[in-house]
Amino acid sequence: MRIERMGREPEFSQYMDLKEGWLDRRIFSDAEIYEEELYRIFARSWLFVAHESQLPKAGDFLTTHMGEDGVIVARQPDGSIKVFLNSCPHRGNKVCFADAGNTRRFVCNYHGWAFDTGGELKGMHEEYCYDEIDIDRKKNGLKQVARVAGYKGLVFATFAEDGPSLDAWLGDFRWYLDMLLDNEDGGTELIGGCIKSVINANWKFGVENFIGDAYHAGWTHDSGCRSMNNGEPFPPVDMENSYHASVNGHGWEFGTEGVGDLFLLGRPKVMEYYERIRPKMAQRLGEMRSQIFGSVASASIFPNVSFLPGISTFRQWQPKGPMEFELKTWVIVNKSMPDDIKDEITKGVMQTFGPGGTFEMDDGENWSNCTTVNRGVVTRHERLHYRCGISRQIEHDTLPGIVYRGQYNDANQRGFYQRWLDMMEADKLDAMPERPEPRLTGVSETRDVPGLFAL
Amino acid sequence: MLEMNPAPVLVEDMIALTQRLYHEARLLDAERFEDWLELLCDDVTYRMDLKRRRFRADRSPPAAVGAGVVFNENIARLKLRIDRLRSGYVWAEDPPNFVRRVISNVEIEPADAENEVIVHSVIVIHRNRIDGLARQFTAGRTDRWRHGTQGWCLAARDIALDHAVLPDSNINVFF
Ligand code: FES
Ligand SMILES: [Fe+2]
């Protein structure tokens, strides 16, 4: 399957110079560029569609979007997961309107065509009206995505038949992801349901905020921090021992102090819990990763998933036009945690990064106004400054990826837009450059890696 | 309980409680949060659960652990929110939002405890934000009000928000 938009071959490189450190504002508001993003990025990337824990049994399903394409994600009787378009091949009606649940079949509201949980057409209302030659049921099921794959509980799907495997797509970023997904035996789960909210902003502002913008926290979230911290503002960051790391457009910014994000969650019991498991985490993932975990940190997976390791909010920015996205948020915890710790984390997340949370409520306004000012035709042609820390790249023995020193940095954001540009310009995904050359090629499990790269 | 024949409530209570709800709304609209706190019992609970759209026929149980809540607050947590709003560092609300609450469908029924009643009501919140755009929230509320020496105070509020997708980037507003 190759899905392409006809007729327009714009030069996307005109919209940025990442060596100089600037972006053109039109990528945040222009309707044509947005349309191209849907084709070139969302119809070709590996996109997060579910966490395994959301679909424990056969017949469990949820509905979500890949770009603006609605899909159903369903657990099959054989345990596998299928992802198919949530649109009926008859007249196109949306087939499933529930957010999630358990079912044996999906029946379209319009003429009653019925599909099994694998998306196959099983029957039609008043079937006698179709002669044998009218319809081949095998060919009239719900359209399947090209590929589905998982990484440690996260399920991804892509409409692209070509291009990298999920492992290659995540590349060395798996080394970082494992701090979230594999810091304890048993892996993770999403709990507490999904909260959706709509924000009048370009989707990239959410992603870039989490990928590297530690800088905004001390100012934007000043009131939130002071209310959680006896009137004290955020402490200054340690620019020597904090980093940005970027891999193929994914990014993780982090300190190494080990407690910052855990503290912001505002739940002492959770902090104690992690302190208790930290030595085990060090055995499991190595000294360095056990120090990073819990630090002030934030991360995004290209193109549209973000999370705060330690604070446990996990989220996806679903594009809904150039100036709107839907934010979906979940709480991610380790499966093996005792129930009271899971409960504490859920409360903490809601109170900090839920839609009524002391931190969350400061962000939306900023992203929305960064976007909507571009309605002004003069304003939208102005450049934006992305040069912070431009000369601070380092080589690090332990840390994979393109690494910059200093948590206050635009480095991961530049890495994200570099990948954005790579995808917007690449005709063949296989031809896209790896950024950087991977260290972990052939490594299927990063838990084995501490021995290789230990401090 | 048979909905058709609710136990009678006193007209005075009906008037006093309806007035309380209106008064509360006016205090909040005017950002008189400290005055609002005076209307709350010390053991108040204030919560908004998360709902999701499921098929009517779907009988599978909702997740047991960490069931989703948007608010699950006690008096200390509510104070913390107010401290934050009062801190002078909330850039997203400066200049302040215009907020107006409309309260309706007030219905009162007896509670288990003798000095308490259940009060149902509907709230519509209009909010005009710094970007100049207006948003609206609609919710049903089920309250428990307790009568003490200070008159009626709010002991519990359960808010059922009627939006599958929140129509705004946050719900930093008291319901
Ligand atoms: S559109 Fe689905 S059955 Fe006709
Ligand atoms: Fe933020």
# chains A, B, ... in the order shown; residues from 1 in each chain; ligands from 1
call {"tool": "interface_residues", "arguments": {"of": "chain A", "to": "chain B", "cutoff": "7 Å", "atoms": "only C-alpha atoms", "output": "mmCIF file with all heavy atoms, in the first residue's frame"}}
result
data_model
loop_
_atom_site.group_PDB
_atom_site.id
_atom_site.type_symbol
_atom_site.label_atom_id
_atom_site.label_comp_id
_atom_site.auth_asym_id
_atom_site.auth_seq_id
_atom_site.Cartn_x
_atom_site.Cartn_y
_atom_site.Cartn_z
ATOM 1 N N ALA A 98 -18.033 3.129 20.226
ATOM 2 C CA ALA A 98 -17.607 3.032 21.629
ATOM 3 C C ALA A 98 -16.122 3.351 21.728
ATOM 4 O O ALA A 98 -15.376 3.185 20.770
ATOM 5 C CB ALA A 98 -17.894 1.641 22.154
ATOM 6 N N ASP A 99 -15.690 3.839 22.882
ATOM 7 C CA ASP A 99 -14.265 4.104 23.094
ATOM 8 C C ASP A 99 -13.512 2.793 23.250
ATOM 9 O O ASP A 99 -12.382 2.659 22.802
ATOM 10 C CB ASP A 99 -14.059 4.933 24.370
ATOM 11 C CG ASP A 99 -14.682 6.311 24.263
ATOM 12 O OD1 ASP A 99 -14.652 6.871 23.158
ATOM 13 O OD2 ASP A 99 -15.200 6.815 25.273
ATOM 14 N N ALA A 100 -14.157 1.839 23.929
ATOM 15 C CA ALA A 100 -13.494 0.571 24.228
ATOM 16 C C ALA A 100 -14.533 -0.387 24.756
ATOM 17 O O ALA A 100 -15.668 0.007 25.036
ATOM 18 C CB ALA A 100 -12.405 0.782 25.279
ATOM 19 N N GLY A 101 -14.153 -1.648 24.892
ATOM 20 C CA GLY A 101 -15.079 -2.619 25.450
ATOM 21 C C GLY A 101 -14.717 -4.019 25.012
ATOM 22 O O GLY A 101 -13.581 -4.284 24.620
ATOM 23 N N ASN A 102 -15.708 -4.895 25.106
ATOM 24 C CA ASN A 102 -15.524 -6.271 24.661
ATOM 25 C C ASN A 102 -16.708 -6.641 23.792
ATOM 26 O O ASN A 102 -17.849 -6.350 24.140
ATOM 27 C CB ASN A 102 -15.435 -7.209 25.874
ATOM 28 C CG ASN A 102 -15.159 -8.636 25.451
ATOM 29 O OD1 ASN A 102 -16.066 -9.357 25.056
ATOM 30 N ND2 ASN A 102 -13.901 -9.034 25.510
ATOM 31 N N ILE A 191 -3.507 2.312 33.439
ATOM 32 C CA ILE A 191 -4.662 2.184 34.322
ATOM 33 C C ILE A 191 -5.454 3.490 34.354
ATOM 34 O O ILE A 191 -4.989 4.526 33.907
ATOM 35 C CB ILE A 191 -4.256 1.796 35.766
ATOM 36 C CG1 ILE A 191 -3.302 2.839 36.352
ATOM 37 C CG2 ILE A 191 -3.633 0.423 35.793
ATOM 38 C CD1 ILE A 191 -3.027 2.611 37.822
ATOM 39 N N GLY A 192 -6.660 3.368 34.876
ATOM 40 C CA GLY A 192 -7.435 4.579 35.138
ATOM 41 C C GLY A 192 -8.112 5.178 33.925
ATOM 42 O O GLY A 192 -8.615 6.286 33.977
ATOM 43 N N GLY A 193 -8.155 4.461 32.806
ATOM 44 C CA GLY A 193 -8.882 4.982 31.664
ATOM 45 C C GLY A 193 -8.144 6.098 30.951
ATOM 46 O O GLY A 193 -7.017 6.445 31.301
ATOM 47 N N LYS A 196 -9.670 12.543 27.446
ATOM 48 C CA LYS A 196 -9.459 13.242 26.180
ATOM 49 C C LYS A 196 -9.811 14.707 26.348
ATOM 50 O O LYS A 196 -10.828 15.033 26.948
ATOM 51 C CB LYS A 196 -10.373 12.661 25.103
ATOM 52 C CG LYS A 196 -10.158 11.204 24.815
ATOM 53 C CD LYS A 196 -11.066 10.822 23.656
ATOM 54 C CE LYS A 196 -11.416 9.366 23.714
ATOM 55 N NZ LYS A 196 -12.459 9.050 22.740
ATOM 56 N N SER A 197 -8.984 15.553 25.778
ATOM 57 C CA SER A 197 -9.355 16.963 25.767
ATOM 58 C C SER A 197 -8.932 17.546 24.427
ATOM 59 O O SER A 197 -8.065 17.007 23.747
ATOM 60 C CB SER A 197 -8.700 17.712 26.920
ATOM 61 O OG SER A 197 -7.323 17.453 26.945
ATOM 62 N N VAL A 198 -9.568 18.631 24.080
ATOM 63 C CA VAL A 198 -9.266 19.213 22.783
ATOM 64 C C VAL A 198 -8.560 20.543 22.999
ATOM 65 O O VAL A 198 -8.906 21.315 23.879
ATOM 66 C CB VAL A 198 -10.542 19.329 21.920
ATOM 67 C CG1 VAL A 198 -11.559 20.231 22.542
ATOM 68 C CG2 VAL A 198 -10.218 19.773 20.518
ATOM 69 N N ILE A 199 -7.499 20.762 22.243
ATOM 70 C CA ILE A 199 -6.698 21.963 22.407
ATOM 71 C C ILE A 199 -6.502 22.610 21.045
ATOM 72 O O ILE A 199 -6.182 21.937 20.073
ATOM 73 C CB ILE A 199 -5.334 21.607 23.061
ATOM 74 C CG1 ILE A 199 -5.591 20.900 24.395
ATOM 75 C CG2 ILE A 199 -4.482 22.857 23.252
ATOM 76 C CD1 ILE A 199 -4.377 20.555 25.189
ATOM 77 N N ASP A 222 5.594 27.783 37.389
ATOM 78 C CA ASP A 222 6.039 28.367 38.648
ATOM 79 C C ASP A 222 4.972 28.243 39.744
ATOM 80 O O ASP A 222 5.258 27.804 40.857
ATOM 81 C CB ASP A 222 6.377 29.847 38.402
ATOM 82 C CG ASP A 222 7.280 30.405 39.481
ATOM 83 O OD1 ASP A 222 7.773 29.595 40.284
ATOM 84 O OD2 ASP A 222 7.476 31.630 39.518
ATOM 85 N N SER A 223 3.728 28.597 39.374
ATOM 86 C CA SER A 223 2.667 28.562 40.391
ATOM 87 C C SER A 223 2.420 27.138 40.868
ATOM 88 O O SER A 223 2.226 26.893 42.063
ATOM 89 C CB SER A 223 1.376 29.139 39.829
ATOM 90 O OG SER A 223 0.899 28.330 38.769
ATOM 91 N N GLY A 224 2.459 26.174 39.931
ATOM 92 C CA GLY A 224 2.235 24.781 40.292
ATOM 93 C C GLY A 224 3.316 24.277 41.216
ATOM 94 O O GLY A 224 3.053 23.629 42.232
ATOM 95 N N SER A 227 3.050 25.778 44.699
ATOM 96 C CA SER A 227 1.949 25.261 45.512
ATOM 97 C C SER A 227 2.267 23.865 46.044
ATOM 98 O O SER A 227 1.771 23.459 47.087
ATOM 99 C CB SER A 227 0.637 25.267 44.716
ATOM 100 O OG SER A 227 0.664 24.282 43.716
ATOM 101 N N ASP A 339 -1.261 -2.582 44.796
ATOM 102 C CA ASP A 339 -2.395 -1.740 44.424
ATOM 103 C C ASP A 339 -2.355 -0.355 45.057
ATOM 104 O O ASP A 339 -2.749 0.629 44.435
ATOM 105 C CB ASP A 339 -3.716 -2.427 44.809
ATOM 106 C CG ASP A 339 -4.059 -3.540 43.819
ATOM 107 O OD1 ASP A 339 -3.307 -3.700 42.836
ATOM 108 O OD2 ASP A 339 -5.057 -4.240 44.037
ATOM 109 N N LYS A 342 -0.145 1.851 43.004
ATOM 110 C CA LYS A 342 -0.809 2.227 41.746
ATOM 111 C C LYS A 342 -1.836 3.324 41.989
ATOM 112 O O LYS A 342 -1.982 4.252 41.202
ATOM 113 C CB LYS A 342 -1.509 1.009 41.130
ATOM 114 C CG LYS A 342 -0.561 -0.039 40.603
ATOM 115 C CD LYS A 342 -1.333 -1.211 40.024
ATOM 116 C CE LYS A 342 -0.385 -2.317 39.586
ATOM 117 N NZ LYS A 342 -1.059 -3.539 39.173
ATOM 118 N N ASP A 343 -2.550 3.170 43.084
ATOM 119 C CA ASP A 343 -3.577 4.130 43.425
ATOM 120 C C ASP A 343 -2.973 5.502 43.731
ATOM 121 O O ASP A 343 -3.479 6.538 43.285
ATOM 122 C CB ASP A 343 -4.335 3.604 44.637
ATOM 123 C CG ASP A 343 -5.772 4.024 44.590
ATOM 124 O OD1 ASP A 343 -6.425 3.720 43.569
ATOM 125 O OD2 ASP A 343 -6.227 4.670 45.560
ATOM 126 N N THR A 346 -1.968 7.079 40.479
ATOM 127 C CA THR A 346 -3.121 7.606 39.738
ATOM 128 C C THR A 346 -3.540 8.956 40.306
ATOM 129 O O THR A 346 -3.779 9.916 39.577
ATOM 130 C CB THR A 346 -4.327 6.652 39.850
ATOM 131 O OG1 THR A 346 -3.859 5.326 39.672
ATOM 132 C CG2 THR A 346 -5.353 6.956 38.795
ATOM 133 N N MET A 350 -3.313 12.644 38.348
ATOM 134 C CA MET A 350 -4.484 13.488 38.149
ATOM 135 C C MET A 350 -4.281 14.864 38.768
ATOM 136 O O MET A 350 -4.713 15.871 38.240
ATOM 137 C CB MET A 350 -5.726 12.831 38.760
ATOM 138 C CG MET A 350 -6.221 11.669 37.958
ATOM 139 S SD MET A 350 -6.390 12.118 36.237
ATOM 140 C CE MET A 350 -5.809 10.646 35.463
ATOM 141 N N GLY A 354 -3.236 15.723 35.166
ATOM 142 C CA GLY A 354 -4.587 15.508 34.636
ATOM 143 C C GLY A 354 -5.106 16.841 34.130
ATOM 144 O O GLY A 354 -4.480 17.880 34.346
ATOM 145 N N PRO A 355 -6.272 16.836 33.468
ATOM 146 C CA PRO A 355 -6.806 18.085 32.937
ATOM 147 C C PRO A 355 -7.141 19.098 34.039
ATOM 148 O O PRO A 355 -7.249 20.292 33.776
ATOM 149 C CB PRO A 355 -8.070 17.663 32.196
ATOM 150 C CG PRO A 355 -8.366 16.283 32.620
ATOM 151 C CD PRO A 355 -7.123 15.681 33.164
ATOM 152 N N GLY A 356 -7.296 18.619 35.263
ATOM 153 C CA GLY A 356 -7.493 19.557 36.364
ATOM 154 C C GLY A 356 -6.234 19.653 37.221
ATOM 155 O O GLY A 356 -6.289 20.097 38.359
ATOM 156 N N MET A 361 -2.645 22.555 33.708
ATOM 157 C CA MET A 361 -3.498 23.662 33.290
ATOM 158 C C MET A 361 -2.722 24.873 32.797
ATOM 159 O O MET A 361 -3.316 25.793 32.251
ATOM 160 C CB MET A 361 -4.456 24.053 34.397
ATOM 161 C CG MET A 361 -3.899 24.220 35.748
ATOM 162 S SD MET A 361 -5.365 24.011 36.792
ATOM 163 C CE MET A 361 -4.702 23.952 38.393
ATOM 164 N N ASP A 362 -1.399 24.864 32.988
ATOM 165 C CA ASP A 362 -0.639 26.016 32.512
ATOM 166 C C ASP A 362 -0.226 25.903 31.049
ATOM 167 O O ASP A 362 0.125 26.896 30.425
ATOM 168 C CB ASP A 362 0.646 26.169 33.335
ATOM 169 C CG ASP A 362 0.345 26.383 34.802
ATOM 170 O OD1 ASP A 362 -0.498 27.235 35.116
ATOM 171 O OD2 ASP A 362 0.965 25.697 35.630
ATOM 172 N N GLY A 364 -1.685 24.393 28.042
ATOM 173 C CA GLY A 364 -2.540 24.465 26.854
ATOM 174 C C GLY A 364 -2.607 25.857 26.252
ATOM 175 O O GLY A 364 -2.520 26.035 25.036
ATOM 176 N N GLU A 365 -2.751 26.829 27.128
ATOM 177 C CA GLU A 365 -2.862 28.221 26.683
ATOM 178 C C GLU A 365 -1.652 28.629 25.839
ATOM 179 O O GLU A 365 -1.790 29.304 24.830
ATOM 180 C CB GLU A 365 -2.862 29.108 27.928
ATOM 181 C CG GLU A 365 -3.963 30.109 27.949
ATOM 182 C CD GLU A 365 -5.261 29.440 28.306
ATOM 183 O OE1 GLU A 365 -5.225 28.500 29.122
ATOM 184 O OE2 GLU A 365 -6.280 29.832 27.739
#
call {"tool": "select_by_dssp", "arguments": {"residues": "stretch 22-51 of chain B", "states": "alpha helix (DSSP H)", "output": "NGL selection string"}}
result
:B and (22-29 or 33-37)
call {"tool": "closest_atom_pairs", "arguments": {"of": "chain A", "to": "ligand 2", "cutoff": "7 Å", "atoms": "only C-alpha atoms and all ligand atoms", "output": "CSV"}}
result
residue,atom,partner,partner_atom_place_in_ligand_line,distance
A:Asn209,CA,ligand 2,1 (Fe),6.9
A:His216,CA,ligand 2,1 (Fe),6.6
A:Ala217,CA,ligand 2,1 (Fe),5.7
A:Thr220,CA,ligand 2,1 (Fe),6.7
A:His221,CA,ligand 2,1 (Fe),6.6
A:Phe359,CA,ligand 2,1 (Fe),6.5
A:Glu360,CA,ligand 2,1 (Fe),6.4
A:Asp362,CA,ligand 2,1 (Fe),6.7
A:Asp363,CA,ligand 2,1 (Fe),5.0
call {"tool": "residues_near_ligand", "arguments": {"ligand": "ligand 1", "cutoff": "9 Å", "atoms": "only C-alpha atoms and all ligand atoms", "output": "number ranges by chain"}}
result
A: 87-95, 107-114, 124-125
call {"tool": "write_last_selection", "arguments": {"atoms": "C-alpha atoms", "output": "PDB file, in the first residue's frame"}}
result
ATOM      1  CA  SER A  87     -15.046   2.689   8.376  1.00  0.00           C
ATOM      2  CA  CYS A  88     -17.498   0.435   6.584  1.00  0.00           C
ATOM      3  CA  PRO A  89     -16.591  -0.688   3.034  1.00  0.00           C
ATOM      4  CA  HIS A  90     -20.246  -0.335   2.031  1.00  0.00           C
ATOM      5  CA  ARG A  91     -20.840   3.425   2.248  1.00  0.00           C
ATOM      6  CA  GLY A  92     -18.057   4.343   4.613  1.00  0.00           C
ATOM      7  CA  ASN A  93     -19.995   4.855   7.818  1.00  0.00           C
ATOM      8  CA  LYS A  94     -18.077   4.734  11.057  1.00  0.00           C
ATOM      9  CA  VAL A  95     -18.510   1.205  12.363  1.00  0.00           C
ATOM     10  CA  VAL A 107     -22.229  -4.078  13.238  1.00  0.00           C
ATOM     11  CA  CYS A 108     -22.530  -0.998  11.068  1.00  0.00           C
ATOM     12  CA  ASN A 109     -25.451   1.269  11.964  1.00  0.00           C
ATOM     13  CA  TYR A 110     -26.360   2.128   8.387  1.00  0.00           C
ATOM     14  CA  HIS A 111     -27.312  -1.139   6.639  1.00  0.00           C
ATOM     15  CA  GLY A 112     -26.291  -3.678   9.228  1.00  0.00           C
ATOM     16  CA  TRP A 113     -23.163  -5.199   7.726  1.00  0.00           C
ATOM     17  CA  ALA A 114     -21.489  -7.253  10.438  1.00  0.00           C
ATOM     18  CA  MET A 124     -25.342  -8.487   5.981  1.00  0.00           C
ATOM     19  CA  HIS A 125     -28.849  -7.492   6.945  1.00  0.00           C
TER      20      HIS A 125
END
call {"tool": "select_by_dssp", "arguments": {"residues": "chain B", "states": "strand (DSSP E)", "output": "PyMOL selection string"}}
result
chain B and resi 40-49+69-73+98-110+116-128+134-148+151-161
call {"tool": "residues_around", "arguments": {"residues": "stretch 146-154 of chain B", "least_positions_apart": "5", "cutoff": "7 Å", "atoms": "only C-alpha atoms", "output": "JSON, numbers by chain"}}
result
{"B": [39, 40, 41, 44, 115, 116, 117]}
call {"tool": "residues_around", "arguments": {"residues": "stretch 391-396 of chain A", "least_positions_apart": "4", "cutoff": "10 Å", "atoms": "only C-alpha atoms", "output": "VMD selection string"}}
result
chain A and resid 19 243 to 245 387 400 to 406 409 411 453
call {"tool": "write_last_selection", "arguments": {"atoms": "C-alpha atoms", "output": "JSON list (two decimals), in the first residue's frame"}}
result
[["chain", "number", "residue", "atom", "x", "y", "z"],
["A", 19, "LYS", "CA", 22.30, 24.01, 11.84],
["A", 243, "TYR", "CA", 21.32, 15.89, 28.96],
["A", 244, "HIS", "CA", 19.30, 15.82, 25.80],
["A", 245, "ALA", "CA", 19.39, 12.58, 23.81],
["A", 387, "ARG", "CA", 19.29, 27.69, 18.78],
["A", 400, "PRO", "CA", 23.36, 6.38, 23.06],
["A", 401, "GLY", "CA", 21.87, 8.81, 20.56],
["A", 402, "ILE", "CA", 22.77, 12.35, 19.60],
["A", 403, "VAL", "CA", 23.65, 13.71, 23.02],
["A", 404, "TYR", "CA", 23.85, 17.31, 24.14],
["A", 405, "ARG", "CA", 24.92, 18.51, 27.54],
["A", 406, "GLY", "CA", 22.53, 20.63, 29.61],
["A", 409, "ASN", "CA", 18.48, 22.98, 25.37],
["A", 411, "ALA", "CA", 18.69, 19.94, 20.84],
["A", 453, "PHE", "CA", 28.47, 0.39, 28.08]]
call {"tool": "atom_distance", "arguments": {"atom1": "atom CA of A:Arg40", "atom2": "atom CA of A:Gly415"}}
result
17.6 Å
call {"tool": "closest_residue", "arguments": {"among": "A:Pro279, A:Pro322, A:Pro235, A:Gly206", "to": "A:Phe302", "atoms": "only C-alpha atoms"}}
result
A:Gly206
call {"tool": "atom_distance", "arguments": {"atom1": "atom CA of A:Val378", "atom2": "atom CA of A:Asn202"}}
result
18.6 Å
call {"tool": "residues_around", "arguments": {"residues": "B:Val9", "least_positions_apart": "3", "cutoff": "9 Å", "atoms": "only C-alpha atoms", "output": "list of chain:residue names"}}
result
B:Pro6, B:Glu12, B:Asp13, B:Met14, B:Ile108, B:Glu109, B:Pro110, B:Val117
